[in-house]
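Student: File data_25.cif follows (mmCIF, C-alpha atoms):
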```
data_input
loop_
_atom_site.label_atom_id
_atom_site.label_comp_id
_atom_site.auth_asym_id
_atom_site.auth_seq_id
_atom_site.Cartn_x
_atom_site.Cartn_y
_atom_site.Cartn_z
CA MET A 1 63.03 34.45 -25.35
CA ILE A 2 63.07 33.51 -29.04
CA VAL A 3 63.31 36.56 -31.28
CA LEU A 4 62.40 36.81 -34.96
CA GLU A 5 63.62 40.07 -36.42
CA ASN A 6 63.17 41.44 -39.93
CA VAL A 7 62.30 37.98 -41.25
CA SER A 8 61.24 37.61 -44.88
CA LYS A 9 60.17 34.46 -46.71
CA ARG A 10 59.13 33.96 -50.32
CA TYR A 11 58.09 30.97 -52.36
CA GLY A 12 58.85 32.17 -55.86
CA SER A 13 56.71 35.24 -56.45
CA LEU A 14 54.60 34.57 -53.35
CA CYS A 15 55.63 36.69 -50.37
CA VAL A 16 54.62 34.98 -47.13
CA TYR A 17 56.56 37.23 -44.73
CA GLU A 18 58.27 40.56 -45.28
CA HIS A 19 60.25 42.25 -42.47
CA PHE A 20 58.33 40.24 -39.87
CA ASP A 21 59.11 40.60 -36.14
CA LEU A 22 57.94 38.35 -33.32
CA ARG A 23 59.06 37.60 -29.78
CA ILE A 24 58.15 34.24 -28.28
CA GLU A 25 58.21 34.17 -24.49
CA GLU A 26 60.27 31.50 -22.80
CA GLY A 27 58.33 28.85 -20.89
CA LYS A 28 54.95 29.99 -22.23
CA ILE A 29 52.44 28.49 -24.67
CA THR A 30 51.93 30.89 -27.58
CA CYS A 31 49.15 30.16 -30.03
CA ILE A 32 49.30 31.16 -33.71
CA LEU A 33 45.99 31.52 -35.56
CA GLY A 34 44.93 32.83 -38.94
CA ALA A 35 43.34 31.91 -42.25
CA SER A 36 44.76 29.14 -44.40
CA GLY A 37 47.81 30.32 -46.31
CA CYS A 38 48.72 33.11 -43.86
CA GLY A 39 52.07 31.52 -42.99
CA LYS A 40 51.40 29.56 -39.79
CA THR A 41 53.16 26.34 -40.82
CA THR A 42 55.89 28.30 -42.60
CA LEU A 43 56.61 30.04 -39.30
CA LEU A 44 57.08 26.68 -37.56
CA ASN A 45 59.29 25.42 -40.38
CA MET A 46 61.51 28.51 -40.23
CA LEU A 47 61.96 28.07 -36.48
CA ALA A 48 62.83 24.40 -37.02
CA GLY A 49 65.37 25.31 -39.70
CA LEU A 50 63.48 23.32 -42.33
CA VAL A 51 63.16 26.17 -44.83
CA PRO A 52 65.52 29.04 -45.68
CA TYR A 53 64.58 32.62 -44.87
CA GLU A 54 66.05 36.10 -44.75
CA GLY A 55 66.50 38.00 -41.51
CA SER A 56 67.33 36.81 -38.01
CA ILE A 57 65.98 34.15 -35.65
CA ARG A 58 67.73 34.07 -32.28
CA PRO A 59 69.05 32.02 -30.65
CA GLN A 60 70.35 30.00 -33.58
CA GLY A 61 70.38 26.22 -33.63
CA LEU A 62 67.17 25.70 -31.68
CA ARG A 63 66.43 22.11 -30.70
CA CYS A 64 62.83 21.56 -31.72
CA SER A 65 60.23 18.93 -30.88
CA TYR A 66 57.38 18.71 -33.39
CA ILE A 67 53.82 17.52 -32.76
CA PHE A 68 51.95 17.27 -36.07
CA GLN A 69 48.28 16.84 -36.93
CA GLN A 70 49.13 13.22 -37.78
CA SER A 71 51.42 11.36 -35.39
CA ARG A 72 54.09 10.64 -38.05
CA LEU A 73 55.37 7.61 -36.22
CA VAL A 74 57.73 5.28 -38.10
CA PRO A 75 55.46 2.39 -39.19
CA ALA A 76 58.21 -0.25 -39.04
CA LEU A 77 59.10 0.55 -35.42
CA THR A 78 57.19 -0.27 -32.24
CA VAL A 79 56.04 2.46 -29.87
CA GLU A 80 59.19 1.89 -27.84
CA GLY A 81 61.32 1.95 -31.00
CA ASN A 82 59.83 5.27 -32.08
CA LEU A 83 60.57 6.80 -28.70
CA LYS A 84 64.11 5.42 -28.68
CA LEU A 85 64.81 7.60 -31.72
CA VAL A 86 64.82 10.59 -29.35
CA CYS A 87 65.60 9.01 -25.97
CA LYS A 88 67.77 5.98 -25.21
CA ASP A 89 66.77 5.80 -21.54
CA GLU A 90 64.39 2.83 -21.28
CA LYS A 91 63.28 3.78 -17.78
CA LYS A 92 62.27 7.27 -18.92
CA ILE A 93 60.39 5.76 -21.84
CA GLY A 94 58.64 3.28 -19.56
CA ASP A 95 57.70 5.97 -17.04
CA MET A 96 56.36 8.20 -19.81
CA LEU A 97 54.26 5.41 -21.34
CA SER A 98 52.85 4.54 -17.91
CA ARG A 99 51.88 8.16 -17.30
CA LEU A 100 50.11 8.29 -20.66
CA GLU A 101 48.34 4.95 -20.03
CA LEU A 102 50.26 3.32 -22.87
CA ALA A 103 52.40 0.83 -20.94
CA ASP A 104 50.60 -2.09 -22.59
CA LYS A 105 51.33 -0.62 -26.05
CA ARG A 106 55.11 -0.52 -25.64
CA LYS A 107 55.68 -3.32 -28.18
CA ALA A 108 52.78 -2.35 -30.45
CA TYR A 109 53.26 -0.95 -33.93
CA PRO A 110 51.64 2.32 -35.05
CA ALA A 111 49.08 0.47 -37.19
CA GLU A 112 47.82 -1.23 -34.02
CA LEU A 113 47.11 2.07 -32.25
CA SER A 114 43.99 4.21 -32.26
CA GLY A 115 44.33 7.81 -33.43
CA GLY A 116 44.31 9.07 -29.85
CA GLN A 117 46.93 6.54 -28.74
CA ALA A 118 49.20 7.44 -31.66
CA GLN A 119 48.92 11.12 -30.83
CA ARG A 120 49.79 10.41 -27.19
CA VAL A 121 52.94 8.68 -28.41
CA SER A 122 53.68 11.79 -30.49
CA ILE A 123 53.28 13.97 -27.39
CA ALA A 124 55.52 11.60 -25.42
CA ARG A 125 58.16 11.84 -28.15
CA ALA A 126 58.07 15.64 -28.00
CA PHE A 127 58.69 15.71 -24.24
CA LEU A 128 61.29 12.94 -24.20
CA TYR A 129 63.46 14.90 -26.62
CA PRO A 130 65.42 17.64 -24.78
CA SER A 131 64.15 20.45 -26.98
CA ASP A 132 64.29 24.22 -26.56
CA ILE A 133 60.84 24.66 -28.10
CA ILE A 134 57.86 22.44 -28.86
CA LEU A 135 56.28 23.20 -32.23
CA MET A 136 52.66 22.08 -32.56
CA ASP A 137 50.99 22.07 -35.98
CA GLU A 138 47.25 21.54 -35.38
CA PRO A 139 47.87 18.40 -33.27
CA PHE A 140 44.23 18.09 -32.15
CA ALA A 141 42.49 19.03 -35.40
CA SER A 142 41.40 15.54 -36.52
CA LEU A 143 40.05 14.45 -33.12
CA ASP A 144 36.53 14.53 -31.70
CA THR A 145 35.90 17.05 -28.94
CA ALA A 146 36.06 14.64 -25.99
CA LEU A 147 39.34 13.08 -27.16
CA LYS A 148 40.74 16.50 -27.99
CA LEU A 149 40.09 17.75 -24.46
CA ARG A 150 41.67 14.63 -22.93
CA LEU A 151 44.80 15.06 -25.03
CA ILE A 152 45.01 18.76 -24.19
CA ASP A 153 45.00 17.70 -20.53
CA VAL A 154 47.72 15.12 -21.28
CA PHE A 155 49.86 17.76 -22.97
CA PHE A 156 49.35 20.28 -20.18
CA ASP A 157 50.12 17.81 -17.38
CA LEU A 158 53.49 17.08 -19.00
CA TRP A 159 54.12 20.76 -19.73
CA LYS A 160 53.29 21.75 -16.14
CA GLU A 161 56.03 19.47 -14.82
CA GLU A 162 58.52 20.73 -17.40
CA PRO A 163 57.38 24.13 -18.73
CA ARG A 164 58.94 24.56 -22.14
CA THR A 165 58.47 27.25 -24.73
CA ALA A 166 55.68 26.05 -27.03
CA LEU A 167 54.34 27.46 -30.29
CA PHE A 168 50.91 26.07 -31.08
CA VAL A 169 49.28 26.50 -34.51
CA THR A 170 45.52 26.00 -34.71
CA HIS A 171 42.39 27.18 -36.52
CA ASP A 172 40.29 26.47 -33.44
CA VAL A 173 39.42 29.34 -31.12
CA GLU A 174 38.49 26.93 -28.31
CA GLU A 175 41.88 25.20 -28.48
CA ALA A 176 43.62 28.56 -28.41
CA TYR A 177 41.52 29.75 -25.49
CA ILE A 178 41.94 26.59 -23.41
CA LEU A 179 45.69 26.19 -23.78
CA SER A 180 47.44 29.45 -24.64
CA HIS A 181 48.99 32.14 -22.50
CA ARG A 182 49.13 34.32 -25.59
CA ALA A 183 47.42 34.30 -29.01
CA VAL A 184 48.88 35.90 -32.13
CA VAL A 185 46.55 36.22 -35.13
CA LEU A 186 48.38 36.36 -38.47
CA GLU A 187 47.04 38.17 -41.51
CA ARG A 188 48.98 38.55 -44.76
CA GLY A 189 52.28 37.80 -43.07
CA ARG A 190 51.88 40.20 -40.17
CA ALA A 191 50.61 40.01 -36.60
CA ALA A 192 47.14 41.53 -36.92
CA ALA A 193 46.44 40.91 -33.22
CA ASP A 194 48.61 40.00 -30.24
CA LEU A 195 46.55 39.02 -27.20
CA ALA A 196 47.41 37.67 -23.77
CA ASP A 197 45.60 36.44 -20.67
CA ALA A 198 47.08 35.81 -17.23
CA SER A 199 44.43 33.33 -16.03
CA PRO A 200 45.64 29.77 -15.36
CA VAL A 201 45.70 27.21 -18.14
CA PRO A 202 44.16 24.93 -19.15
CA ARG A 203 40.88 26.84 -19.10
CA ARG A 204 37.40 25.33 -19.26
CA TYR A 205 35.88 24.42 -22.60
CA GLY A 206 33.13 26.73 -23.80
CA GLU A 207 33.18 29.22 -20.93
CA ALA A 208 32.60 32.91 -21.58
CA SER A 209 35.74 35.02 -21.47
CA SER A 210 36.91 38.37 -22.80
CA TYR A 211 40.15 36.67 -23.95
CA ARG A 212 38.22 34.05 -25.94
CA GLN A 213 36.02 36.75 -27.47
CA ALA A 214 39.04 38.87 -28.39
CA ILE A 215 40.64 35.93 -30.24
CA LEU A 216 37.40 35.24 -32.10
CA SER A 217 36.93 38.92 -32.99
CA ALA A 218 40.48 39.18 -34.32
CA LEU A 219 39.95 36.10 -36.49
CA LEU A 220 36.62 37.34 -37.81
CA SER A 221 38.12 40.74 -38.57
CA GLY A 222 40.86 39.10 -40.62
CA THR A 223 38.32 36.97 -42.50
CA ALA A 224 36.27 40.05 -43.32
CA ASN A 225 39.33 41.74 -44.81
CA THR A 226 40.36 38.87 -47.12
#
```
Now, as a test, write the supplied structure out as structure tokens.
Tutor:
Amino acid sequence: MIVLENVSKRYGSLCVYEHFDLRIEEGKITCILGASGCGKTTLLNMLAGLVPYEGSIRPQGLRCSYIFQQSRLVPALTVEGNLKLVCKDEKKIGDMLSRLELADKRKAYPAELSGGQAQRVSIARAFLYPSDIILMDEPFASLDTALKLRLIDVFFDLWKEEPRTALFVTHDVEEAYILSHRAVVLERGRAAADLADASPVPRRYGEASSYRQAILSALLSGTANT
């Protein structure tokens, strides 16, 4: 379990978190939702050690994989070269690219990839790195619904074989419903709602569910109070 205890974070006079506590379950996918500016990305950056903070995050020195909204591949390197930055094992890289239907793109450069292909490389990079936690900052936000659902399946198939702790930031209730074991809704630097569902993931897009409705209600409640 990853434990945040009494964590505070300010940017000048702006207080993002004050005495914030959160426990992130090991081997589960936890979703973080909330309005823009509520501290979702700051939370990921604190866990990754990219920004200073007060308080305690345990264990220290977490190895983090990051999947961003944009793939953030190195333009001057091929797909294989990008993956070699985190894994030197060519067989593992080849096996991963085959699984993700990217074997023919091994020597391609990022500019030669579609958005969906680039994001699959980003997902491959996250799983090839031996991380303690996968941090996901709206990785499906810029994709159309059909491609989004395919990539969610890609992510989950890899996660199912190697269940890692994952923290998944999104604005999208459907994404949170489909993929998360737990959903935490942030409001003004606090957990306004902490919801969980034991049904298997990934769940079906658009289906009625009390868990989905609870996430939506918590988000709407926070919007009404801003």
Student: A:Ser180: which residues within 6 Å, counting only C-alpha atoms, same-chain residues fewer than 4 positions away excluded, as a PyMOL selection string?
Tutor: chain A and resi 29-31+176
Student: Those selected residues, please, written with C-alpha atoms and delivered as a PDB file, keeping the file's coordinate frame.
Tutor:
```pdb
ATOM      1  CA  ILE A  29      52.440  28.490 -24.670  1.00  0.00           C
ATOM      2  CA  THR A  30      51.930  30.890 -27.580  1.00  0.00           C
ATOM      3  CA  CYS A  31      49.150  30.160 -30.030  1.00  0.00           C
ATOM      4  CA  ALA A 176      43.620  28.560 -28.410  1.00  0.00           C
TER       5      ALA A 176
END
```
Student: Can you list, as a PyMOL selection string, every protein, DNA or RNA residue that comes within 12 Å of stretch 52-55 of chain A when you count all atoms listed in the file, leaving out same-chain residues fewer than 2 positions away?
Tutor: chain A and resi 3-11+15-22+42-50+57-58+60
Student: Could you expand the PyMOL selection byres ((chain A and resi 146-150) around 12) into the explicit residues it covers here, written as an MDAnalysis selection string?
Tutor: chainID A and resid 69 100 114:117 119:120 138:145 151:157 172 174:175 178:179 202:206
Student: Smallest atom-to-atom distance to A:Lys92: which of A:Phe68, A:Tyr211, A:Tyr129, A:Trp159, using only C-alpha atoms?
Tutor: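 Closest to A:Lys92 of all the choices is A:Tyr129.
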Student: Taking the file as shown, what set of residues would the PyMOL selection byres ((chain A and resi 162) around 12) give back, as a list in words?
Tutor: Gly27, Lys28, Ala126, Phe127, Leu128, Tyr129, Pro130, Ser131, Asp132, Ile133, Ile134, Phe155, Phe156, Asp157, Leu158, Trp159, Lys160, Glu161, Pro163, Arg164, Thr165 and Ala166 of chain A
Student: With only C-alpha atoms as the atoms that count, which of A:Thr170, A:Ser56, A:Ser98, A:Ser65 lies nearest to A:Gly39?
Tutor: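 For A:Gly39, the nearest of the candidates is A:Thr170.
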Student: With all atoms listed in the file as the counted atoms, please give the residues lying no more than 10 Å from stretch 102-113 of chain A, apart from itself and same-chain residues fewer than 2 positions off, as a count of residues only.
Tutor: 28
Student: Place a sphere of radius 8 Å on (62.2, 33.1, -24.0) in the file coordinates and name every protein, DNA or RNA residue with an atom inside or on its surface, counting all atoms listed in the file; give the answer as a PyMOL selection string.
Tutor: chain A and resi 1-2+23-27+165
Student: Figure out the distance between atom CA of A:Leu220 and atom CA of A:Lys40, please, to one decimal in Å.
Tutor: 16.8 Å
Student: So what do you get for atom CA of A:Ala124 versus atom CA of A:Cys87, distance-wise?
Tutor: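 If I compute the distance from atom CA of A:Ala124 to atom CA of A:Cys87, I get 10.4 Å.
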Student: Would you translate the PyMOL selection byres ((chain A and resi 190-196) around 8) into the concrete set of residues it matches in this file, as a list in words?
Tutor: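 Evaluating the PyMOL selection byres ((chain A and resi 190-196) around 8) on this file yields Tyr17, Phe20, His181, Arg182, Ala183, Val184, Val185, Leu186, Glu187, Arg188, Gly189, Asp197, Ala198, Tyr211, Ala214, Ile215, Ala218 and Gly222 of chain A.
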